[in-house]
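Everything below concerns the one structure shown next.
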Amino acid sequence: LGQYHALHSIDPCSCPRQQNNGCGITRTEQVVSVLIDNYFDQNPISQLALIELRDGRADKISELSGNARQHKAKLEERLKAKRSLGSGQPSIRAGLELAASMLEIQASYGTREVLLVYGSLSTCDRGDVFQSVGRLNKLNVRVNVVGIAAELYVAKAISTETGGTYTVATQAMMLKDMVLSHISPPPVLEEIVDGRVRKKPAAGMWVGFPTRREGVLPGWQCPRCRALAPSVPSDCGVCGLKLLSSSHLARSYHHLFPVPSFRGVEDSEQSTERKEADPTRQCRGCGVELGAGGSEVVSCAACGSEFCALCDSFIHEMLHV
């Protein structure tokens, strides 16, 4: 898995405002907003960019950066401009070419990924779209596609050629679940060297822990060149050093060292002596009574503490500790 994850979300603005399954542009924009929040919560040192497809071209909504507020502000500006009605035919190739041009200048120590949320039944491209696929493969870019209207052959072929996934949302809730499933960084792609397939070697990255400075020009001071950055995580504008706090780095490690899965506790394992010793079994997390109404009970293999299903989900999907 890559600690540093560069993701491009491509949103087509040429599909109908409301699909029959409830997955129109309005719903898609809401899901993209949720994606931004959850993406940086789970990947605080990664970067994201937003691209829209309209009139046969690709327009950049926001630059590749790790500032969630900036992305949400750019998306809000687009909504206020009432551009979400869409126009013309979308071009998948235009979106992939723009994403490739932004990703090829990124450092090689991270994973590169494109998430295409596509609601049209066709694509209007100027040229062969599979030439762009070849360029993405050379850059080790994985393309994942979430369809809204129906399965599209060219979209499925692109995701297959680049090692990505292709899914189709038939309901509004499915759209959200499918998009959010791409928050975690994917495994590092294999590469072919001298005709042999091998794992891409791990690469290190230089990071700095800046110091907060107050005064007339507040900001975060780079430990290498002493320049000020407005926020973290970000890249130093002078020396290019990646600046982040220790909490950002700690929150990123859950992808490499996930919390072990809890073991389900069966009724047969709950001996009579244990029930008599602890008649009011409570969840170690929230304190709710366990086993009431046949609810699921799980146990930590390390310490033996028991949890309810909700706390199990909260620990593994949110806390990661």
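By convention here, the chains of the structure tokens are called A, B, ... in the order presented, each chain's residues are numbered starting at 1, and ligands are numbered starting at 1 in the order presented.
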**Request:** Name all residues at most 8 Å from stretch 94-103 of chain A (count only C-alpha atoms; drop same-chain ones fewer than 6 positions away) and give them as JSON, numbers by chain.
**Result:** {"A": [6, 8, 10, 51, 52, 53, 56, 57, 58, 64, 112, 114, 125, 132, 133, 135, 136, 139, 141]}
**Message:** So that I can check the surroundings of A:Gly240, please list as a list of chain:residue names every protein, DNA and RNA residue that reaches within 10 Å of it, counting only C-alpha atoms and ignoring chain neighbours fewer than 5 positions away.
**Reply:**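 Skipping anything fewer than 5 positions along the chain leaves A:Trp206, A:Val207, A:Cys222, A:Arg224, A:Cys225, A:Ser234, A:Asp235.
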**Message:** List the spatial neighbours of stretch 253-264 of chain A as a VMD selection string - criterion: any atom at most 10 Å away, only C-alpha atoms, same-chain residues fewer than 3 positions off excluded.
**Reply:** chain A and resid 1 to 3 42 to 43 184 to 186 248 to 250 267 269 296 to 302 304 to 307 309 312 315 to 317 319 to 321
Write a file of the selected residues as a tab-separated table (two decimals), in the first residue's frame, keeping C-alpha atoms.
```
chain	number	residue	atom	x	y	z
A	1	LEU	CA	0.00	0.00	0.00
A	2	GLY	CA	1.12	3.54	-0.66
A	3	GLN	CA	1.33	5.96	2.23
A	42	GLN	CA	-8.37	8.53	6.12
A	43	ASN	CA	-5.44	9.82	4.01
A	184	SER	CA	-8.12	3.52	0.91
A	185	PRO	CA	-4.93	3.47	-1.20
A	186	PRO	CA	-4.67	0.42	-3.47
A	248	HIS	CA	-0.95	13.25	10.13
A	249	LEU	CA	1.79	10.65	9.82
A	250	ALA	CA	0.36	8.50	12.63
A	267	ASP	CA	-23.50	-18.53	22.37
A	269	GLU	CA	-18.68	-20.27	23.89
A	296	GLU	CA	-23.75	-9.91	17.44
A	297	VAL	CA	-20.87	-9.99	19.93
A	298	VAL	CA	-17.18	-9.87	18.94
A	299	SER	CA	-14.02	-10.28	21.01
A	300	CYS	CA	-10.49	-8.89	20.70
A	301	ALA	CA	-7.95	-11.69	20.42
A	302	ALA	CA	-5.25	-9.62	22.16
A	304	GLY	CA	-10.24	-10.51	25.35
A	305	SER	CA	-12.49	-7.42	25.55
A	306	GLU	CA	-15.92	-7.82	24.01
A	307	PHE	CA	-17.63	-5.30	21.76
A	309	ALA	CA	-21.22	-4.76	16.21
A	312	ASP	CA	-16.52	-3.13	16.01
A	315	ILE	CA	-12.91	0.81	15.65
A	316	HIS	CA	-11.96	-0.75	12.30
A	317	GLU	CA	-13.37	1.92	9.96
A	319	LEU	CA	-10.47	4.89	14.87
A	320	HIS	CA	-8.02	2.35	13.39
A	321	VAL	CA	-6.45	1.85	16.82
```
**Asked** What is the atom CA of A:Trp220 to atom CA of A:Val238 distance in Å?
**Response**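 Computing it gives 13.0 Å between the two atoms.
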**Message:** Give me, as a PyMOL selection string, the residues of stretch 61-246 of chain A that a backbone DSSP run labels strand (DSSP E or B).
**Reply:** chain A and resi 61-65+111-118+141-147+166-168+190-193+196-199+207-208+211-213+219-221+228-229+234-235+242-243
**Message:** Nearest residue to A:Lys156 out of A:Ala227, A:Ala49, A:Leu7, A:Leu116, using only C-alpha atoms?
**Reply:** A:Leu116
**Request:** May I ask which of the residues A:Thr123, A:Ser9, A:Ser159, A:Ser295 is the closest one to A:Asp55, counting only C-alpha atoms?
**Result:**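 Between A:Thr123, A:Ser9, A:Ser159, A:Ser295, the residue approaching A:Asp55 most closely is A:Thr123.
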**Request:** Using only C-alpha atoms, determine which residues lie at most 7 Å from A:Thr165, disregarding the query and same-chain residues fewer than 2 positions distant; provide the list as an MDAnalysis selection string.
**Result:** chainID A and resid 144:145 159:160 163 167
Per DSSP on the backbone, filter stretch 76-311 of chain A down to the residues in helix (DSSP H, G or I) and report them as an mmCIF file with N, CA, C and O atoms, in the first residue's frame.
```
data_model
loop_
_atom_site.group_PDB
_atom_site.id
_atom_site.type_symbol
_atom_site.label_atom_id
_atom_site.label_comp_id
_atom_site.auth_asym_id
_atom_site.auth_seq_id
_atom_site.Cartn_x
_atom_site.Cartn_y
_atom_site.Cartn_z
ATOM 1 N N GLU A 76 -18.094 24.184 -4.389
ATOM 2 C CA GLU A 76 -19.216 25.058 -4.050
ATOM 3 C C GLU A 76 -19.340 26.191 -5.067
ATOM 4 O O GLU A 76 -20.461 26.578 -5.448
ATOM 5 N N GLU A 77 -18.213 26.721 -5.518
ATOM 6 C CA GLU A 77 -18.258 27.769 -6.545
ATOM 7 C C GLU A 77 -18.900 27.250 -7.828
ATOM 8 O O GLU A 77 -19.669 27.955 -8.487
ATOM 9 N N ARG A 78 -18.581 26.031 -8.158
ATOM 10 C CA ARG A 78 -19.158 25.431 -9.361
ATOM 11 C C ARG A 78 -20.667 25.272 -9.223
ATOM 12 O O ARG A 78 -21.419 25.472 -10.175
ATOM 13 N N LEU A 79 -21.120 24.904 -8.028
ATOM 14 C CA LEU A 79 -22.553 24.745 -7.805
ATOM 15 C C LEU A 79 -23.268 26.090 -7.854
ATOM 16 O O LEU A 79 -24.363 26.205 -8.418
ATOM 17 N N LYS A 80 -22.657 27.132 -7.271
ATOM 18 C CA LYS A 80 -23.286 28.446 -7.281
ATOM 19 C C LYS A 80 -23.356 29.038 -8.685
ATOM 20 O O LYS A 80 -24.245 29.837 -8.978
ATOM 21 N N ILE A 92 -14.127 10.824 -22.395
ATOM 22 C CA ILE A 92 -13.317 10.108 -21.412
ATOM 23 C C ILE A 92 -11.834 10.348 -21.669
ATOM 24 O O ILE A 92 -11.046 10.536 -20.737
ATOM 25 N N ARG A 93 -11.440 10.374 -22.956
ATOM 26 C CA ARG A 93 -10.030 10.557 -23.264
ATOM 27 C C ARG A 93 -9.521 11.910 -22.782
ATOM 28 O O ARG A 93 -8.403 12.009 -22.270
ATOM 29 N N ALA A 94 -10.331 12.956 -22.935
ATOM 30 C CA ALA A 94 -9.902 14.282 -22.480
ATOM 31 C C ALA A 94 -9.658 14.281 -20.973
ATOM 32 O O ALA A 94 -8.683 14.870 -20.489
ATOM 33 N N GLY A 95 -10.521 13.605 -20.216
ATOM 34 C CA GLY A 95 -10.335 13.533 -18.772
ATOM 35 C C GLY A 95 -9.104 12.740 -18.385
ATOM 36 O O GLY A 95 -8.357 13.129 -17.479
ATOM 37 N N LEU A 96 -8.869 11.621 -19.065
ATOM 38 C CA LEU A 96 -7.699 10.800 -18.760
ATOM 39 C C LEU A 96 -6.403 11.514 -19.119
ATOM 40 O O LEU A 96 -5.402 11.405 -18.396
ATOM 41 N N GLU A 97 -6.396 12.246 -20.235
ATOM 42 C CA GLU A 97 -5.188 12.971 -20.630
ATOM 43 C C GLU A 97 -4.866 14.075 -19.630
ATOM 44 O O GLU A 97 -3.699 14.296 -19.282
ATOM 45 N N LEU A 98 -5.892 14.786 -19.155
ATOM 46 C CA LEU A 98 -5.649 15.840 -18.175
ATOM 47 C C LEU A 98 -5.153 15.251 -16.866
ATOM 48 O O LEU A 98 -4.226 15.783 -16.234
ATOM 49 N N ALA A 99 -5.757 14.146 -16.446
ATOM 50 C CA ALA A 99 -5.313 13.498 -15.208
ATOM 51 C C ALA A 99 -3.883 12.991 -15.339
ATOM 52 O O ALA A 99 -3.072 13.121 -14.414
ATOM 53 N N ALA A 100 -3.537 12.428 -16.501
ATOM 54 C CA ALA A 100 -2.178 11.917 -16.710
ATOM 55 C C ALA A 100 -1.152 13.035 -16.680
ATOM 56 O O ALA A 100 -0.059 12.881 -16.125
ATOM 57 N N SER A 101 -1.483 14.189 -17.274
ATOM 58 C CA SER A 101 -0.546 15.308 -17.286
ATOM 59 C C SER A 101 -0.304 15.850 -15.882
ATOM 60 O O SER A 101 0.778 16.374 -15.587
ATOM 61 N N MET A 102 -1.284 15.736 -14.996
ATOM 62 C CA MET A 102 -1.116 16.198 -13.619
ATOM 63 C C MET A 102 -0.401 15.168 -12.758
ATOM 64 O O MET A 102 0.307 15.521 -11.816
ATOM 65 N N LEU A 103 -0.568 13.880 -13.082
ATOM 66 C CA LEU A 103 0.024 12.834 -12.257
ATOM 67 C C LEU A 103 1.464 12.516 -12.639
ATOM 68 O O LEU A 103 2.233 12.030 -11.807
ATOM 69 N N VAL A 129 -8.923 6.421 -27.594
ATOM 70 C CA VAL A 129 -8.842 6.521 -26.147
ATOM 71 C C VAL A 129 -7.823 5.539 -25.575
ATOM 72 O O VAL A 129 -7.233 5.782 -24.504
ATOM 73 N N PHE A 130 -7.561 4.433 -26.277
ATOM 74 C CA PHE A 130 -6.633 3.434 -25.747
ATOM 75 C C PHE A 130 -5.176 3.884 -25.881
ATOM 76 O O PHE A 130 -4.290 3.276 -25.277
ATOM 77 N N GLN A 131 -4.905 4.922 -26.662
ATOM 78 C CA GLN A 131 -3.572 5.524 -26.641
ATOM 79 C C GLN A 131 -3.330 6.188 -25.288
ATOM 80 O O GLN A 131 -2.220 6.152 -24.752
ATOM 81 N N SER A 132 -4.374 6.797 -24.760
ATOM 82 C CA SER A 132 -4.265 7.389 -23.418
ATOM 83 C C SER A 132 -4.106 6.309 -22.362
ATOM 84 O O SER A 132 -3.403 6.503 -21.361
ATOM 85 N N VAL A 133 -4.737 5.155 -22.575
ATOM 86 C CA VAL A 133 -4.595 4.041 -21.637
ATOM 87 C C VAL A 133 -3.149 3.568 -21.596
ATOM 88 O O VAL A 133 -2.601 3.275 -20.525
ATOM 89 N N GLY A 134 -2.498 3.502 -22.764
ATOM 90 C CA GLY A 134 -1.088 3.123 -22.794
ATOM 91 C C GLY A 134 -0.214 4.100 -22.036
ATOM 92 O O GLY A 134 0.736 3.705 -21.351
ATOM 93 N N ARG A 135 -0.536 5.379 -22.126
ATOM 94 C CA ARG A 135 0.225 6.391 -21.390
ATOM 95 C C ARG A 135 0.028 6.225 -19.887
ATOM 96 O O ARG A 135 0.984 6.343 -19.109
ATOM 97 N N LEU A 136 -1.188 5.924 -19.466
ATOM 98 C CA LEU A 136 -1.464 5.721 -18.043
ATOM 99 C C LEU A 136 -0.735 4.497 -17.513
ATOM 100 O O LEU A 136 -0.252 4.496 -16.379
ATOM 101 N N ASN A 137 -0.662 3.436 -18.312
ATOM 102 C CA ASN A 137 0.049 2.235 -17.876
ATOM 103 C C ASN A 137 1.533 2.518 -17.669
ATOM 104 O O ASN A 137 2.154 1.990 -16.740
ATOM 105 N N LYS A 138 2.131 3.341 -18.545
ATOM 106 C CA LYS A 138 3.542 3.691 -18.380
ATOM 107 C C LYS A 138 3.775 4.494 -17.105
ATOM 108 O O LYS A 138 4.849 4.421 -16.501
ATOM 109 N N TYR A 153 -18.940 -0.498 -22.386
ATOM 110 C CA TYR A 153 -17.827 -1.385 -22.736
ATOM 111 C C TYR A 153 -16.487 -0.674 -22.647
ATOM 112 O O TYR A 153 -15.523 -1.196 -22.082
ATOM 113 N N VAL A 154 -16.387 0.529 -23.198
ATOM 114 C CA VAL A 154 -15.103 1.219 -23.236
ATOM 115 C C VAL A 154 -14.626 1.553 -21.824
ATOM 116 O O VAL A 154 -13.418 1.467 -21.529
ATOM 117 N N ALA A 155 -15.547 1.904 -20.926
ATOM 118 C CA ALA A 155 -15.161 2.206 -19.546
ATOM 119 C C ALA A 155 -14.660 0.952 -18.836
ATOM 120 O O ALA A 155 -13.670 0.994 -18.090
ATOM 121 N N LYS A 156 -15.337 -0.161 -19.078
ATOM 122 C CA LYS A 156 -14.899 -1.415 -18.460
ATOM 123 C C LYS A 156 -13.547 -1.844 -19.001
ATOM 124 O O LYS A 156 -12.687 -2.340 -18.258
ATOM 125 N N ALA A 157 -13.323 -1.653 -20.305
ATOM 126 C CA ALA A 157 -12.044 -2.030 -20.905
ATOM 127 C C ALA A 157 -10.908 -1.183 -20.348
ATOM 128 O O ALA A 157 -9.804 -1.691 -20.107
ATOM 129 N N ILE A 158 -11.157 0.105 -20.140
ATOM 130 C CA ILE A 158 -10.119 1.000 -19.600
ATOM 131 C C ILE A 158 -9.731 0.571 -18.188
ATOM 132 O O ILE A 158 -8.541 0.499 -17.850
ATOM 133 N N SER A 159 -10.720 0.283 -17.353
ATOM 134 C CA SER A 159 -10.420 -0.130 -15.980
ATOM 135 C C SER A 159 -9.683 -1.462 -15.955
ATOM 136 O O SER A 159 -8.768 -1.671 -15.149
ATOM 137 N N THR A 160 -10.047 -2.373 -16.848
ATOM 138 C CA THR A 160 -9.373 -3.678 -16.899
ATOM 139 C C THR A 160 -7.930 -3.542 -17.354
ATOM 140 O O THR A 160 -7.020 -4.163 -16.790
ATOM 141 N N GLU A 161 -7.683 -2.715 -18.380
ATOM 142 C CA GLU A 161 -6.330 -2.544 -18.920
ATOM 143 C C GLU A 161 -5.388 -1.902 -17.911
ATOM 144 O O GLU A 161 -4.183 -2.165 -17.924
ATOM 145 N N ALA A 172 -29.163 5.106 -5.526
ATOM 146 C CA ALA A 172 -28.399 6.241 -5.008
ATOM 147 C C ALA A 172 -27.476 5.828 -3.872
ATOM 148 O O ALA A 172 -26.336 6.290 -3.780
ATOM 149 N N MET A 173 -27.937 4.952 -2.982
ATOM 150 C CA MET A 173 -27.097 4.529 -1.869
ATOM 151 C C MET A 173 -25.918 3.694 -2.346
ATOM 152 O O MET A 173 -24.818 3.769 -1.782
ATOM 153 N N MET A 174 -26.125 2.918 -3.401
ATOM 154 C CA MET A 174 -25.023 2.131 -3.958
ATOM 155 C C MET A 174 -23.936 3.038 -4.514
ATOM 156 O O MET A 174 -22.745 2.739 -4.406
ATOM 157 N N LEU A 175 -24.329 4.166 -5.109
ATOM 158 C CA LEU A 175 -23.352 5.107 -5.653
ATOM 159 C C LEU A 175 -22.418 5.607 -4.565
ATOM 160 O O LEU A 175 -21.193 5.647 -4.740
ATOM 161 N N LYS A 176 -22.963 5.973 -3.433
ATOM 162 C CA LYS A 176 -22.136 6.465 -2.333
ATOM 163 C C LYS A 176 -21.188 5.381 -1.837
ATOM 164 O O LYS A 176 -19.987 5.632 -1.630
ATOM 165 N N ASP A 177 -21.699 4.177 -1.641
ATOM 166 C CA ASP A 177 -20.858 3.084 -1.135
ATOM 167 C C ASP A 177 -19.747 2.744 -2.110
ATOM 168 O O ASP A 177 -18.607 2.483 -1.706
ATOM 169 N N MET A 178 -20.057 2.740 -3.408
ATOM 170 C CA MET A 178 -19.044 2.389 -4.406
ATOM 171 C C MET A 178 -17.951 3.437 -4.504
ATOM 172 O O MET A 178 -16.767 3.118 -4.649
ATOM 173 N N VAL A 179 -18.333 4.714 -4.437
ATOM 174 C CA VAL A 179 -17.340 5.779 -4.510
ATOM 175 C C VAL A 179 -16.453 5.777 -3.265
ATOM 176 O O VAL A 179 -15.225 5.882 -3.354
ATOM 177 N N LEU A 180 -17.064 5.639 -2.092
ATOM 178 C CA LEU A 180 -16.285 5.677 -0.855
ATOM 179 C C LEU A 180 -15.404 4.434 -0.681
ATOM 180 O O LEU A 180 -14.477 4.458 0.135
ATOM 181 N N SER A 246 3.015 15.319 13.162
ATOM 182 C CA SER A 246 3.165 13.927 13.587
ATOM 183 C C SER A 246 1.832 13.198 13.602
ATOM 184 O O SER A 246 1.770 11.990 13.337
ATOM 185 N N SER A 247 0.750 13.918 13.908
ATOM 186 C CA SER A 247 -0.569 13.271 13.925
ATOM 187 C C SER A 247 -0.990 12.839 12.524
ATOM 188 O O SER A 247 -1.630 11.795 12.347
ATOM 189 N N HIS A 248 -0.641 13.642 11.507
ATOM 190 C CA HIS A 248 -0.953 13.254 10.134
ATOM 191 C C HIS A 248 -0.241 11.957 9.762
ATOM 192 O O HIS A 248 -0.824 11.069 9.134
ATOM 193 N N LEU A 249 1.011 11.841 10.152
ATOM 194 C CA LEU A 249 1.787 10.653 9.821
ATOM 195 C C LEU A 249 1.246 9.433 10.560
ATOM 196 O O LEU A 249 1.131 8.343 9.986
ATOM 197 N N ALA A 250 0.879 9.624 11.837
ATOM 198 C CA ALA A 250 0.361 8.504 12.627
ATOM 199 C C ALA A 250 -0.970 8.007 12.069
ATOM 200 O O ALA A 250 -1.229 6.800 12.025
ATOM 201 N N ARG A 251 -1.818 8.925 11.610
ATOM 202 C CA ARG A 251 -3.120 8.540 11.080
ATOM 203 C C ARG A 251 -3.010 7.833 9.738
ATOM 204 O O ARG A 251 -3.958 7.183 9.291
ATOM 205 N N SER A 252 -1.876 7.947 9.072
ATOM 206 C CA SER A 252 -1.697 7.307 7.777
ATOM 207 C C SER A 252 -1.223 5.872 7.896
ATOM 208 O O SER A 252 -1.305 5.116 6.932
ATOM 209 N N TYR A 253 -0.741 5.463 9.056
ATOM 210 C CA TYR A 253 -0.161 4.148 9.191
ATOM 211 C C TYR A 253 -1.198 3.034 9.302
ATOM 212 O O TYR A 253 -0.846 1.857 9.238
ATOM 213 N N HIS A 254 -2.466 3.387 9.479
ATOM 214 C CA HIS A 254 -3.456 2.323 9.639
ATOM 215 C C HIS A 254 -3.638 1.519 8.356
ATOM 216 O O HIS A 254 -4.143 0.405 8.386
ATOM 217 N N HIS A 255 -3.225 2.081 7.202
ATOM 218 C CA HIS A 255 -3.293 1.315 5.958
ATOM 219 C C HIS A 255 -2.237 0.214 5.942
ATOM 220 O O HIS A 255 -2.447 -0.847 5.356
ATOM 221 N N ASP A 267 -22.808 -18.254 21.103
ATOM 222 C CA ASP A 267 -23.499 -18.528 22.368
ATOM 223 C C ASP A 267 -22.951 -19.766 23.047
ATOM 224 O O ASP A 267 -22.915 -19.863 24.272
ATOM 225 N N SER A 268 -22.465 -20.695 22.221
ATOM 226 C CA SER A 268 -21.941 -21.926 22.809
ATOM 227 C C SER A 268 -20.650 -21.679 23.572
ATOM 228 O O SER A 268 -20.296 -22.447 24.467
ATOM 229 N N GLU A 269 -19.937 -20.590 23.220
ATOM 230 C CA GLU A 269 -18.685 -20.274 23.892
ATOM 231 C C GLU A 269 -18.908 -19.556 25.213
ATOM 232 O O GLU A 269 -17.987 -19.407 26.000
ATOM 233 N N THR A 272 -21.682 -21.303 31.249
ATOM 234 C CA THR A 272 -22.584 -20.947 32.350
ATOM 235 C C THR A 272 -21.831 -20.248 33.461
ATOM 236 O O THR A 272 -22.323 -19.291 34.070
ATOM 237 N N GLU A 273 -20.584 -20.702 33.735
ATOM 238 C CA GLU A 273 -19.810 -20.053 34.800
ATOM 239 C C GLU A 273 -19.537 -18.596 34.461
ATOM 240 O O GLU A 273 -19.600 -17.715 35.326
ATOM 241 N N ARG A 274 -19.247 -18.294 33.188
ATOM 242 C CA ARG A 274 -18.943 -16.916 32.802
ATOM 243 C C ARG A 274 -20.189 -16.042 32.927
ATOM 244 O O ARG A 274 -20.121 -14.902 33.333
ATOM 245 N N LYS A 275 -21.321 -16.592 32.521
ATOM 246 C CA LYS A 275 -22.548 -15.820 32.621
ATOM 247 C C LYS A 275 -22.899 -15.530 34.069
ATOM 248 O O LYS A 275 -23.387 -14.450 34.404
ATOM 249 N N GLU A 276 -22.646 -16.522 34.947
ATOM 250 C CA GLU A 276 -22.938 -16.302 36.357
ATOM 251 C C GLU A 276 -21.969 -15.305 36.971
ATOM 252 O O GLU A 276 -22.348 -14.503 37.833
ATOM 253 N N ALA A 277 -20.703 -15.318 36.524
ATOM 254 C CA ALA A 277 -19.717 -14.382 37.066
ATOM 255 C C ALA A 277 -19.964 -12.967 36.570
ATOM 256 O O ALA A 277 -19.694 -11.995 37.280
ATOM 257 N N ALA A 292 -28.168 -9.034 24.035
ATOM 258 C CA ALA A 292 -29.606 -8.792 24.153
ATOM 259 C C ALA A 292 -30.257 -8.895 22.775
ATOM 260 O O ALA A 292 -29.803 -8.281 21.809
ATOM 261 N N GLY A 293 -31.313 -9.671 22.699
ATOM 262 C CA GLY A 293 -32.046 -9.812 21.442
ATOM 263 C C GLY A 293 -31.270 -10.512 20.351
ATOM 264 O O GLY A 293 -31.546 -10.320 19.164
ATOM 265 N N GLY A 294 -30.281 -11.312 20.726
ATOM 266 C CA GLY A 294 -29.502 -12.045 19.730
ATOM 267 C C GLY A 294 -28.539 -11.191 18.942
ATOM 268 O O GLY A 294 -28.153 -11.554 17.826
ATOM 269 N N ALA A 309 -21.511 -4.872 17.645
ATOM 270 C CA ALA A 309 -21.224 -4.764 16.211
ATOM 271 C C ALA A 309 -20.937 -3.317 15.811
ATOM 272 O O ALA A 309 -20.090 -3.060 14.952
ATOM 273 N N LEU A 310 -21.635 -2.343 16.417
ATOM 274 C CA LEU A 310 -21.420 -0.940 16.073
ATOM 275 C C LEU A 310 -20.021 -0.476 16.473
ATOM 276 O O LEU A 310 -19.347 0.224 15.709
ATOM 277 N N CYS A 311 -19.586 -0.846 17.654
ATOM 278 C CA CYS A 311 -18.243 -0.457 18.102
ATOM 279 C C CYS A 311 -17.171 -1.172 17.278
ATOM 280 O O CYS A 311 -16.103 -0.607 17.016
#
```
**Asked** How many Å lie between atom CA of A:Cys124 and atom CA of A:Glu104, rounded to one decimal?
**Response**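 Interatomic distance here is 24.3 Å.
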**Residues near A:Thr211, cut-off 10 Å, only C-alpha atoms, skip fewer than 3 positions along chain, as a PyMOL selection string** = chain A and resi 208+214+219-223+226+228+243+245
**Coordinates-based distance that separates atom CA of A:Arg69 from atom CA of A:Ile36 (Å, one decimal)** = 9.0 Å
